[in-house]
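Engineer: See query-v7.cif below, with mmCIF, C-alpha atoms (C1' of nucleotides).
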data_work
loop_
_atom_site.label_atom_id
_atom_site.label_comp_id
_atom_site.auth_asym_id
_atom_site.auth_seq_id
_atom_site.Cartn_x
_atom_site.Cartn_y
_atom_site.Cartn_z
CA MET S 1043 -35.98 43.62 -3.99
CA THR S 1044 -34.49 45.62 -6.81
CA ILE S 1045 -31.10 44.69 -8.19
CA ARG S 1046 -28.53 47.29 -7.25
CA ARG S 1047 -25.84 48.50 -9.59
CA ILE S 1048 -22.62 49.42 -7.88
CA LEU S 1049 -19.65 50.98 -9.59
CA HIS S 1050 -16.12 50.73 -8.24
CA VAL S 1051 -13.49 53.11 -9.56
CA ASP S 1052 -9.80 52.63 -8.81
CA MET S 1053 -7.09 54.97 -10.11
CA ASP S 1054 -4.21 53.25 -11.93
CA ALA S 1055 -0.93 53.41 -9.97
CA PHE S 1056 -2.30 56.53 -8.30
CA PHE S 1057 0.62 58.08 -6.38
CA ALA S 1058 3.08 57.19 -9.13
CA SER S 1059 0.84 58.55 -11.88
CA VAL S 1060 0.36 61.81 -9.98
CA GLU S 1061 4.12 62.19 -9.62
CA LEU S 1062 4.62 61.52 -13.33
CA LEU S 1063 2.24 64.40 -14.08
CA ARG S 1064 4.30 66.70 -11.88
CA HIS S 1065 7.59 65.44 -13.30
CA PRO S 1066 7.09 64.94 -17.05
CA GLU S 1067 10.81 64.29 -17.39
CA LEU S 1068 10.22 60.94 -15.64
CA ALA S 1069 7.73 59.73 -18.24
CA GLY S 1070 8.44 56.19 -19.31
CA LEU S 1071 10.96 55.61 -16.52
CA PRO S 1072 10.46 53.04 -13.78
CA VAL S 1073 9.20 55.20 -10.90
CA VAL S 1074 8.00 54.33 -7.42
CA VAL S 1075 6.64 56.50 -4.66
CA GLY S 1076 7.80 55.48 -1.21
CA GLY S 1077 10.48 55.61 1.44
CA ALA S 1078 14.01 55.80 0.07
CA GLY S 1079 15.85 54.66 3.20
CA ASP S 1080 16.95 51.20 4.27
CA ARG S 1081 13.57 50.63 5.86
CA GLY S 1082 11.48 52.25 3.13
CA VAL S 1083 8.62 50.54 1.37
CA VAL S 1084 7.05 51.06 -2.05
CA ALA S 1085 3.66 52.78 -1.81
CA ALA S 1086 2.96 52.78 -5.55
CA ALA S 1087 4.82 51.63 -8.65
CA SER S 1088 4.47 52.99 -12.18
CA TYR S 1089 3.62 50.49 -14.87
CA ALA S 1090 7.15 50.86 -16.28
CA ALA S 1091 8.47 49.76 -12.87
CA ARG S 1092 6.05 46.83 -12.65
CA VAL S 1093 7.65 45.30 -15.72
CA TYR S 1094 10.62 44.56 -13.44
CA GLY S 1095 8.41 42.84 -10.90
CA VAL S 1096 8.33 45.85 -8.60
CA ARG S 1097 5.09 46.00 -6.59
CA SER S 1098 3.62 48.14 -3.86
CA ALA S 1099 4.30 47.03 -0.25
CA MET S 1100 7.70 45.74 -1.39
CA ALA S 1101 10.81 46.89 0.49
CA THR S 1102 12.48 49.66 -1.53
CA ILE S 1103 15.81 47.88 -1.21
CA ARG S 1104 14.42 44.84 -2.93
CA ALA S 1105 12.76 46.96 -5.61
CA ARG S 1106 16.14 48.58 -6.32
CA ARG S 1107 17.72 45.18 -6.67
CA LEU S 1108 15.06 44.17 -9.20
CA CYS S 1109 15.47 47.45 -11.09
CA PRO S 1110 18.78 49.28 -10.49
CA GLU S 1111 17.71 52.39 -12.46
CA LEU S 1112 14.54 52.75 -10.34
CA VAL S 1113 13.55 56.34 -9.53
CA VAL S 1114 12.30 56.66 -5.94
CA VAL S 1115 10.11 59.69 -5.21
CA ALA S 1116 9.20 60.69 -1.65
CA PRO S 1117 5.44 60.70 -1.02
CA ASP S 1118 3.58 64.01 -0.82
CA HIS S 1119 0.36 63.14 0.93
CA ALA S 1120 -1.07 66.64 1.00
CA HIS S 1121 -0.86 66.82 -2.77
CA TYR S 1122 -2.44 63.38 -3.28
CA SER S 1123 -5.27 64.40 -0.95
CA ALA S 1124 -5.97 67.48 -3.01
CA VAL S 1125 -6.07 65.48 -6.25
CA SER S 1126 -8.21 62.86 -4.51
CA SER S 1127 -10.86 65.32 -3.41
CA ARG S 1128 -11.20 66.57 -7.01
CA ILE S 1129 -11.57 62.96 -8.14
CA MET S 1130 -14.33 62.38 -5.59
CA ASP S 1131 -16.07 65.57 -6.73
CA CYS S 1132 -15.97 64.26 -10.27
CA CYS S 1133 -17.53 60.98 -9.11
CA ARG S 1134 -20.35 62.88 -7.46
CA GLU S 1135 -21.36 64.19 -10.86
CA PHE S 1136 -22.29 60.60 -11.73
CA ALA S 1137 -24.00 59.40 -8.56
CA PRO S 1138 -25.65 60.97 -5.54
CA VAL S 1139 -23.96 58.56 -3.13
CA VAL S 1140 -20.17 58.21 -3.37
CA GLU S 1141 -18.17 56.27 -0.77
CA PRO S 1142 -14.43 56.93 -0.86
CA LEU S 1143 -12.50 53.80 0.19
CA SER S 1144 -9.10 55.42 0.15
CA LEU S 1145 -7.51 58.35 -1.67
CA ASP S 1146 -7.75 56.59 -5.02
CA GLU S 1147 -10.82 54.38 -4.81
CA ALA S 1148 -14.55 54.85 -4.45
CA PHE S 1149 -17.87 53.07 -4.68
CA LEU S 1150 -20.76 54.75 -6.48
CA ASP S 1151 -24.34 53.56 -6.22
CA ILE S 1152 -25.61 53.96 -9.77
CA THR S 1153 -28.85 52.04 -9.25
CA GLY S 1154 -31.45 53.89 -11.28
CA ALA S 1155 -28.93 56.14 -12.98
CA GLN S 1156 -29.40 54.34 -16.29
CA ARG S 1157 -32.45 56.39 -17.21
CA LEU S 1158 -30.42 59.56 -16.97
CA LEU S 1159 -26.96 58.42 -18.04
CA GLY S 1160 -27.49 55.34 -20.17
CA PRO S 1161 -26.36 51.74 -19.65
CA ASP S 1162 -23.69 50.73 -17.12
CA GLU S 1163 -21.04 50.57 -19.78
CA SER S 1164 -21.69 54.16 -20.88
CA ILE S 1165 -21.58 55.43 -17.31
CA ALA S 1166 -18.32 53.64 -16.61
CA THR S 1167 -16.69 54.84 -19.81
CA ALA S 1168 -17.86 58.41 -19.32
CA LEU S 1169 -16.57 58.57 -15.74
CA ARG S 1170 -13.22 57.18 -16.81
CA GLN S 1171 -12.96 59.65 -19.66
CA ARG S 1172 -13.92 62.61 -17.50
CA LEU S 1173 -11.26 61.72 -14.92
CA TRP S 1174 -8.72 61.56 -17.71
CA ASP S 1175 -9.84 64.86 -19.24
CA ARG S 1176 -9.83 66.69 -15.92
CA GLU S 1177 -6.85 65.16 -14.12
CA GLY S 1178 -4.83 63.39 -16.77
CA LEU S 1179 -5.12 60.13 -14.82
CA TRP S 1180 -6.41 56.76 -15.98
CA SER S 1181 -8.60 54.60 -13.83
CA SER S 1182 -10.22 51.19 -13.94
CA VAL S 1183 -13.93 50.74 -13.39
CA GLY S 1184 -16.03 47.73 -12.43
CA VAL S 1185 -19.80 47.50 -12.25
CA ALA S 1186 -21.82 44.72 -10.62
CA SER S 1187 -24.68 44.25 -8.18
CA THR S 1188 -22.48 44.01 -5.07
CA LYS S 1189 -19.48 45.84 -3.70
CA LEU S 1190 -17.39 42.67 -3.71
CA VAL S 1191 -17.94 41.84 -7.37
CA ALA S 1192 -17.67 45.47 -8.48
CA LYS S 1193 -14.26 45.72 -6.84
CA LEU S 1194 -13.06 42.46 -8.35
CA ALA S 1195 -14.34 43.67 -11.72
CA SER S 1196 -12.32 46.89 -11.57
CA GLU S 1197 -9.31 44.78 -10.69
CA ALA S 1198 -9.99 42.61 -13.74
CA ALA S 1199 -10.11 45.76 -15.86
CA LYS S 1200 -6.62 46.85 -14.83
CA PRO S 1201 -4.02 47.21 -17.57
CA ALA S 1202 -1.21 44.65 -17.72
CA PRO S 1203 2.24 45.76 -16.48
CA GLY S 1204 3.99 47.76 -19.16
CA LEU S 1205 0.80 49.31 -20.43
CA SER S 1206 -0.96 52.36 -19.07
CA GLY S 1207 -4.48 52.73 -20.32
CA GLY S 1208 -4.26 50.35 -23.24
CA SER S 1209 -7.07 48.10 -22.06
CA SER S 1210 -10.66 49.23 -22.11
CA GLY S 1211 -10.43 49.87 -18.39
CA VAL S 1212 -14.02 48.83 -17.84
CA CYS S 1213 -15.52 45.53 -16.70
CA ILE S 1214 -19.28 45.07 -16.38
CA VAL S 1215 -20.55 41.90 -14.71
CA ASP S 1216 -24.10 40.86 -15.48
CA PRO S 1217 -26.01 39.67 -12.39
CA ALA S 1218 -26.54 36.28 -14.00
CA ASP S 1219 -22.78 35.81 -14.38
CA GLU S 1220 -21.68 36.96 -10.95
CA LEU S 1221 -21.38 33.57 -9.24
CA GLU S 1222 -19.31 32.16 -12.06
CA PHE S 1223 -17.16 35.29 -11.98
CA LEU S 1224 -16.56 34.73 -8.28
CA TRP S 1225 -16.09 31.00 -8.10
CA ASP S 1226 -13.09 30.80 -10.40
CA ARG S 1227 -11.01 32.93 -8.11
CA PRO S 1228 -8.69 32.05 -5.21
CA VAL S 1229 -10.16 32.67 -1.74
CA SER S 1230 -7.48 35.29 -1.16
CA ASP S 1231 -9.41 37.55 -3.56
CA LEU S 1232 -12.22 37.82 -1.02
CA TRP S 1233 -12.46 40.85 1.22
CA GLY S 1234 -11.28 39.71 4.65
CA VAL S 1235 -8.96 36.90 3.55
CA GLY S 1236 -5.36 37.84 4.21
CA PRO S 1237 -2.28 35.66 4.79
CA VAL S 1238 -3.47 34.18 8.10
CA THR S 1239 -7.02 33.33 7.08
CA GLY S 1240 -5.75 32.15 3.69
CA ASP S 1241 -3.47 29.63 5.42
CA ARG S 1242 -6.26 28.47 7.70
CA LEU S 1243 -8.58 27.95 4.75
CA ARG S 1244 -5.97 26.04 2.79
CA ALA S 1245 -5.51 23.78 5.81
CA LEU S 1246 -9.24 23.04 5.53
CA GLY S 1247 -8.80 22.15 1.86
CA VAL S 1248 -10.36 25.38 0.67
CA SER S 1249 -8.45 27.17 -2.06
CA THR S 1250 -11.02 28.63 -4.45
CA VAL S 1251 -14.10 30.70 -3.79
CA ALA S 1252 -16.14 27.77 -5.13
CA ASP S 1253 -14.60 25.50 -2.46
CA LEU S 1254 -15.56 28.06 0.15
CA ALA S 1255 -19.13 28.40 -1.13
CA ARG S 1256 -19.61 24.63 -0.80
CA PHE S 1257 -17.97 24.38 2.62
CA PRO S 1258 -20.51 23.83 5.45
CA ARG S 1259 -21.30 27.16 7.00
CA ALA S 1260 -21.39 25.95 10.59
CA ALA S 1261 -17.98 24.30 10.25
CA LEU S 1262 -16.57 27.50 8.79
CA GLU S 1263 -17.93 29.50 11.71
CA SER S 1264 -16.41 27.15 14.24
CA HIS S 1265 -13.01 27.32 12.53
CA LEU S 1266 -12.84 31.06 11.85
CA GLY S 1267 -15.18 32.52 14.46
CA ALA S 1268 -18.84 33.32 13.97
CA GLY S 1269 -18.33 36.75 12.48
CA LEU S 1270 -15.67 36.01 9.88
CA GLY S 1271 -17.08 32.57 9.06
CA ARG S 1272 -20.51 33.94 8.28
CA GLN S 1273 -19.14 36.88 6.32
CA LEU S 1274 -16.91 34.74 4.11
CA HIS S 1275 -19.58 32.14 3.48
CA ASP S 1276 -21.98 34.89 2.41
CA LEU S 1277 -19.43 36.57 0.16
CA ALA S 1278 -18.48 33.28 -1.49
CA ASN S 1279 -22.13 32.73 -2.34
CA GLY S 1280 -22.51 36.18 -3.81
CA ARG S 1281 -24.44 37.54 -0.85
CA ASP S 1282 -23.14 41.01 -0.09
CA ASP S 1283 -25.74 43.59 0.82
CA ARG S 1284 -23.32 46.19 2.21
CA PRO S 1285 -24.71 49.52 1.10
CA VAL S 1286 -22.73 52.35 -0.45
CA VAL S 1287 -22.40 54.89 2.36
CA ALA S 1288 -21.16 58.44 1.98
CA ASP S 1289 -19.58 60.49 4.75
CA ALA S 1290 -18.28 57.74 7.01
CA GLU S 1291 -17.11 59.29 10.27
CA VAL S 1292 -13.44 59.23 11.18
CA ARG S 1293 -12.82 56.81 14.07
CA SER S 1294 -9.19 57.52 14.86
CA ILE S 1295 -6.28 59.79 14.01
CA SER S 1296 -2.71 58.58 14.39
CA HIS S 1297 0.85 59.18 13.41
CA GLU S 1298 3.69 56.69 13.51
CA GLU S 1299 7.30 56.66 12.49
CA THR S 1300 9.95 54.03 11.92
CA PHE S 1301 13.38 55.22 12.93
CA GLY S 1302 16.42 54.82 10.71
CA SER S 1303 18.04 53.01 13.63
CA ASP S 1304 16.41 51.73 16.79
CA LEU S 1305 16.13 54.05 19.80
CA THR S 1306 16.91 52.87 23.33
CA VAL S 1307 16.97 56.12 25.30
CA ILE S 1308 13.67 57.23 26.79
CA GLY S 1309 14.52 60.92 26.41
CA ASP S 1310 14.96 60.52 22.66
CA LEU S 1311 11.59 58.81 22.45
CA ARG S 1312 9.88 61.51 24.48
CA ALA S 1313 11.17 64.15 22.13
CA GLU S 1314 9.80 62.23 19.15
CA LEU S 1315 6.46 61.71 20.90
CA VAL S 1316 5.99 65.44 21.48
CA VAL S 1317 6.46 66.21 17.78
CA MET S 1318 4.21 63.35 16.66
CA ALA S 1319 1.48 64.11 19.20
CA GLU S 1320 1.38 67.70 18.03
CA LYS S 1321 0.78 66.50 14.47
CA VAL S 1322 -2.10 64.35 15.69
CA GLY S 1323 -3.54 67.27 17.66
CA ARG S 1324 -3.30 69.57 14.67
CA ARG S 1325 -5.15 67.10 12.47
CA ALA S 1326 -7.86 66.69 15.12
CA ARG S 1327 -8.28 70.47 15.39
CA ARG S 1328 -8.46 70.82 11.62
CA ARG S 1329 -11.34 68.36 11.62
CA GLY S 1330 -13.00 69.95 14.64
CA LEU S 1331 -12.65 66.75 16.69
CA VAL S 1332 -11.48 65.82 20.16
CA GLY S 1333 -10.44 62.33 21.22
CA ARG S 1334 -10.89 60.67 24.60
CA THR S 1335 -8.54 57.71 24.12
CA VAL S 1336 -4.81 58.17 23.63
CA HIS S 1337 -2.96 55.27 22.02
CA LEU S 1338 0.71 54.42 22.10
CA LYS S 1339 2.21 51.84 19.76
CA VAL S 1340 5.73 50.49 19.94
CA ARG S 1341 7.39 48.15 17.49
CA TRP S 1342 10.48 46.57 19.01
CA SER S 1343 13.65 45.71 17.17
CA ASP S 1344 12.39 42.11 16.83
CA LEU S 1345 9.27 43.51 15.06
CA VAL S 1346 6.93 42.50 17.88
CA ILE S 1347 4.28 45.16 18.54
CA THR S 1348 3.10 46.36 21.95
CA THR S 1349 0.16 48.76 22.36
CA ARG S 1350 -1.04 50.77 25.33
CA SER S 1351 -4.02 53.09 25.63
CA ARG S 1352 -5.68 55.29 28.19
CA THR S 1353 -9.16 56.75 28.07
CA LEU S 1354 -9.68 60.19 29.57
CA ALA S 1355 -12.91 61.51 31.01
CA VAL S 1356 -13.05 64.20 28.37
CA GLY S 1357 -11.76 64.68 24.90
CA THR S 1358 -8.70 66.63 23.86
CA ASP S 1359 -7.18 67.99 20.68
CA ASP S 1360 -4.15 69.36 22.46
CA GLY S 1361 -0.89 67.83 21.30
CA LEU S 1362 0.77 68.47 24.66
CA VAL S 1363 -1.91 66.56 26.53
CA VAL S 1364 -1.66 63.69 24.06
CA ALA S 1365 2.12 63.71 24.42
CA ARG S 1366 1.98 63.64 28.21
CA VAL S 1367 -0.45 60.75 28.32
CA ALA S 1368 1.57 58.86 25.71
CA THR S 1369 4.75 59.52 27.67
CA GLU S 1370 3.13 58.09 30.79
CA LEU S 1371 2.15 54.97 28.87
CA LEU S 1372 5.66 54.69 27.49
CA GLY S 1373 7.04 54.86 31.02
CA SER S 1374 5.85 51.32 31.74
CA LEU S 1375 7.69 49.81 28.75
CA PRO S 1376 11.29 48.53 28.62
CA VAL S 1377 12.60 50.87 25.94
CA GLU S 1378 16.16 49.59 26.36
CA ARG S 1379 14.89 46.58 24.43
CA GLY S 1380 15.22 48.75 21.29
CA VAL S 1381 12.38 50.70 19.68
CA ARG S 1382 12.09 50.51 15.93
CA LEU S 1383 8.78 52.35 15.58
CA VAL S 1384 6.68 54.52 17.79
CA GLY S 1385 3.12 55.61 17.08
CA VAL S 1386 0.66 57.87 18.85
CA GLY S 1387 -3.03 58.16 18.17
CA LEU S 1388 -6.41 59.44 19.29
CA SER S 1389 -9.71 57.57 19.20
CA SER S 1390 -13.16 57.79 20.78
CA LEU S 1391 -13.49 60.90 18.68
CA GLY S 1392 -16.29 63.39 19.00
CA PRO S 1393 -17.05 66.94 18.00
CA ALA S 1394 -14.91 69.58 19.66
CA GLY S 1395 -16.04 72.68 21.44
CA GLY S 1396 -18.90 73.81 23.63
CA SER S 1397 -19.64 71.63 26.59
CA SER S 1398 -17.89 68.52 25.32
CA GLN S 1399 -14.41 69.12 26.64
CA LEU S 1400 -13.55 71.60 29.34
CA GLU S 1401 -17.02 72.30 30.74
CA LEU S 1402 -17.64 68.67 31.42
CA SER S 1403 -14.32 68.24 33.14
CA LEU S 1404 -14.97 71.26 35.38
CA SER S 1405 -18.23 69.85 36.60
CA ASP S 1406 -16.68 66.44 37.07
CA VAL S 1407 -14.01 67.73 39.39
CA GLY S 1408 -15.09 67.20 42.96
CA THR S 1409 -18.03 65.01 42.07
CA PRO S 1410 -17.91 61.66 43.85
CA ALA S 1411 -16.81 59.03 41.37
CA GLY S 1412 -19.89 56.95 42.09
CA GLU S 1413 -22.18 59.70 40.86
CA LEU S 1414 -20.53 59.92 37.48
CA PRO S 1415 -21.52 57.86 34.51
CA ASN S 1416 -19.12 54.95 34.36
CA GLY S 1417 -18.18 55.57 37.90
CA ARG S 1418 -14.66 54.38 37.72
CA GLY S 1419 -12.72 57.35 38.81
CA ALA S 1420 -13.80 59.52 35.95
CA ALA S 1421 -13.70 62.54 38.22
CA LEU S 1422 -10.15 61.83 39.19
CA ARG S 1423 -9.17 61.48 35.60
CA ALA S 1424 -10.85 64.73 34.76
CA ALA S 1425 -8.99 66.44 37.56
CA ASP S 1426 -5.74 64.91 36.32
CA GLU S 1427 -6.44 66.23 32.91
CA VAL S 1428 -7.19 69.74 34.10
CA ARG S 1429 -4.01 69.61 36.14
CA GLU S 1430 -2.08 68.51 33.09
CA ARG S 1431 -3.39 71.31 30.97
CA PHE S 1432 -3.38 74.17 33.44
CA GLY S 1433 -1.20 73.15 36.32
CA GLU S 1434 -1.89 72.41 39.98
CA GLU S 1435 -3.08 75.93 40.78
CA ALA S 1436 -5.98 75.55 38.33
CA ILE S 1437 -7.60 72.85 40.45
CA ALA S 1438 -8.52 74.92 43.51
CA PRO S 1439 -10.63 77.56 41.73
CA LEU S 1440 -12.37 74.82 39.78
CA ARG S 1441 -13.35 73.09 42.99
CA ARG S 1442 -14.85 76.30 44.32
CA ARG S 1443 -16.69 76.89 41.11
CA THR S 1444 -18.06 73.39 41.08
CA GLY S 1445 -19.18 73.71 44.66
CA ASP S 1446 -21.04 76.92 44.02
CA PRO S 1447 -21.93 77.56 40.42
CA SER S 1448 -23.25 81.04 41.16
CA GLN S 1449 -19.73 82.22 41.82
CA GLY S 1450 -18.86 81.77 38.22
CA GLY S 1451 -15.30 81.12 37.36
CA THR S 1452 -13.05 80.84 34.40
"C1'" DT D 21 12.74 39.60 0.86
"C1'" DC D 22 12.13 40.41 6.61
"C1'" DT D 23 7.85 43.81 6.35
"C1'" DG D 24 5.84 51.82 5.99
"C1'" DG D 25 2.00 54.53 7.41
"C1'" DG D 26 -2.73 55.52 7.40
"C1'" DG D 27 -6.77 53.38 8.78
"C1'" DT D 28 -11.06 49.75 10.02
"C1'" DC D 29 -13.18 46.09 12.50
"C1'" DC D 30 -13.30 42.06 15.66
"C1'" DT D 31 -12.42 39.34 19.87
"C1'" DA D 32 -11.93 38.45 24.60
"C1'" DG D 33 -11.50 39.27 29.47
"C1'" DG D 34 -12.29 42.17 33.44
"C1'" DA D 35 -14.70 45.96 35.74
"C1'" DC D 36 -18.82 47.84 36.85
"C1'" DC D 37 -23.84 48.78 36.77
"C1'" DC D 38 -28.64 47.36 37.03
"C1'" DT R 686 -26.21 36.63 51.98
"C1'" DC R 687 -25.72 34.35 47.74
"C1'" DT R 688 -26.41 33.93 42.86
"C1'" DG R 689 -27.19 34.95 38.02
"C1'" DG R 690 -27.57 37.51 33.69
"C1'" DG R 691 -27.45 41.39 30.47
"C1'" DG R 692 -25.30 45.56 28.95
"C1'" DT R 693 -21.56 48.80 28.48
"C1'" DC R 694 -16.97 50.49 28.87
"C1'" DC R 695 -12.01 49.87 28.85
"C1'" DT R 696 -7.79 47.58 27.41
"C1'" DA R 697 -4.67 44.61 24.55
"C1'" DG R 698 -3.98 42.19 20.68
"C1'" DG R 699 -4.68 40.74 16.00
"C1'" DA R 700 -6.19 40.48 11.12
"C1'" DC R 701 -6.98 43.03 7.32
"C1'" DC R 702 -7.34 46.90 3.80
"C1'" DC R 703 -5.03 50.39 0.57
#
In structure tokens, how does this file's structure come out?

Structural biologist:
Amino acid sequence: MTIRRILHVDMDAFFASVELLRHPELAGLPVVVGGAGDRGVVAAASYAARVYGVRSAMATIRARRLCPELVVVAPDHAHYSAVSSRIMDCCREFAPVVEPLSLDEAFLDITGAQRLLGPDESIATALRQRLWDREGLWSSVGVASTKLVAKLASEAAKPAPGLSGGSSGVCIVDPADELEFLWDRPVSDLWGVGPVTGDRLRALGVSTVADLARFPRAALESHLGAGLGRQLHDLANGRDDRPVVADAEVRSISHEETFGSDLTVIGDLRAELVVMAEKVGRRARRRGLVGRTVHLKVRWSDLVITTRSRTLAVGTDDGLVVARVATELLGSLPVERGVRLVGVGLSSLGPAGGSSQLELSLSDVGTPAGELPNGRGAALRAADEVRERFGEEAIAPLRRRTGDPSQGGT
DNA sequence: TCTGGGGTCCTAGGACCC
DNA sequence: TCTGGGGTCCTAGGACCC
């Protein structure tokens, strides 16, 4: 088994740095990108802002208290996406397989690239320099033999608050040093350990990765569940064979919004749902996808979350259909309780067009439910969906057509 | 200091099929 | 008629990631 070399690249303060490029007059000022309102949150903080203790995921209100002269810039996702795709293109000049993790992060499999591009250190430095030359943005790069260690290495290469590119920006971990590199760290550094699992582990007396590596595997699995227990025990012992995978398929598309003040009137919520569902539909169409499952998410004024979903017999990319299904789901919820956030989404995605959407539903209409795959009323659902899209009068001709295909139809 | 918006993956129970 | 088991789909919730 050959030793892999995996590179992780992570842009420094990405959204904030991009905004500083567009607004040179803000250079040196404490800048965050995020929501400005009472319920806004910091999405990214410039290094000048971090000096004040401002961090991403922090409520904007609190950030303003820490730094009264803070400049808050509204996010412009379309622009960040455009910059991101150029960054990913740049990465592909260094490795055949590039896996974007988010807009500002990617894994590159550089196993075997040394012959062409030189040692790990040269590859990392060259990538970093090219991103700077092309985009004017600094990044941090880590290289190791696993995804986990490569990501921790890029984190270790990050500049300290107050600086922006002063450190070398590169951290290479030799395979022989990887366990030591890992074991010094708190368990919360591991992928999959958040606040809840972190608390559970601490209750077991586990606080460092070394503690976790020594903890009996079976006991860990019984405390955390088989899946998570096994994964964490492997990671803590440096076992991480997750490959670098390009072109991961999108699994869901959603849009959600927190209101400035809670809504209690169903009509107001319906109006919001229509707008949001249309955005989801537009994004699905742009990607050439249809979704079979419509999701509704509600966050109540007490922050508790309720979700509802409904799976249709066929996929849709039509915002009106999504809105109508979501509205139905909303109908069963006590909105007078006070709705802070509403979200609508599509999953069970598949390619749009051809036989996948309408054709299938036409042939389903009138077919006994028992003869359909998953014979749980799929035909009825299909008929409902056709009715929703085209109205009651559309059903009759479809029945005739289904009964006698030679007659043709729509 | 009370938590935005975009996602991913996992779990668990019930329905249903073979 | 009763019983069991495996597999898949659907739904709700939850943890986590950036």

Engineer: Kindly provide, as a list in words, the residues of chain D having any atom no farther than 7 Å from an atom of chain S, counting only C-alpha atoms (C1' of nucleotides).

Structural biologist: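 Per the criterion, chain D yields DT21, DG24 and DG25 of chain D.
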
Engineer: Export, as a short mmCIF file (atom, residue, chain, number, x, y, z; two decimals), keeping the file's coordinate frame, the selected residues with C-alpha atoms (C1' of nucleotides).

Structural biologist:
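Final file, again-v5.cif:
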data_model
loop_
_atom_site.label_atom_id
_atom_site.label_comp_id
_atom_site.auth_asym_id
_atom_site.auth_seq_id
_atom_site.Cartn_x
_atom_site.Cartn_y
_atom_site.Cartn_z
"C1'" DT D 21 12.74 39.60 0.86
"C1'" DG D 24 5.84 51.82 5.99
"C1'" DG D 25 2.00 54.53 7.41
#

Engineer: Quote the spacing between atom CA of S:Ala1313 and atom CA of S:Pro1376 in Å to one decimal place.

Structural biologist: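 Computing the Euclidean distance for atom CA of S:Ala1313 and atom CA of S:Pro1376 yields 16.9 Å.
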
Engineer: Go through the shown structure with the PyMOL selection byres ((chain S and resi 1227) around 12) and write out the matching residues as a list in words.

Structural biologist: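 Selected by the PyMOL selection byres ((chain S and resi 1227) around 12) in this file: Val1191, Leu1194, Ala1195, Ala1198, Glu1220, Leu1221, Glu1222, Phe1223, Leu1224, Trp1225, Asp1226, Pro1228, Val1229, Ser1230, Asp1231, Leu1232, Val1248, Ser1249, Thr1250, Val1251, Ala1252, Asp1253, Leu1254, Ala1255 and Ala1278 of chain S.
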
Engineer: For the atom pair atom CA of S:His1265 and atom CA of S:Arg1350, what is the interatomic distance in Å to one decimal place?

Structural biologist: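 Between atom CA of S:His1265 and atom CA of S:Arg1350 the gap works out to 29.3 Å.
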
Engineer: What does the distance between atom CA of S:His1337 and atom CA of S:Asp1289 come to in Å, to one decimal place?

Structural biologist: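 Going from atom CA of S:His1337 over to atom CA of S:Asp1289 covers 24.5 Å.
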
Engineer: Given the choices S:Arg1325, S:Ser1389, S:Thr1369, S:Leu1158, which gets closest to S:Thr1353 if the distance is worked out from only C-alpha atoms?

Structural biologist: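 The closest residue to S:Thr1353 is S:Ser1389.
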
Engineer: Which residues come within 12 Å of S:Val1316, counting only C-alpha atoms (C1' of nucleotides), excluding same-chain residues fewer than 3 positions away, as a PyMOL selection string?

Structural biologist: chain S and resi 1297+1309-1313+1319-1323+1360-1369+1384-1386

Engineer: Given the file above and the PyMOL selection byres ((chain S and resi 1391-1396) around 12), which residues are selected, and can you give them as a ChimeraX atom specification?

Structural biologist: /S:1291-1296,1323,1326-1336,1353-1354,1356-1360,1387-1390,1397-1403

Engineer: Apply the PyMOL selection byres ((chain S and resi 1169-1177) around 12) to the displayed file and report the matching residues as a PyMOL selection string.

Structural biologist: chain S and resi 1049-1054+1056+1059-1060+1063-1064+1122+1124-1137+1146+1150+1152+1159+1162-1168+1178-1184+1196+1199+1207+1210-1213
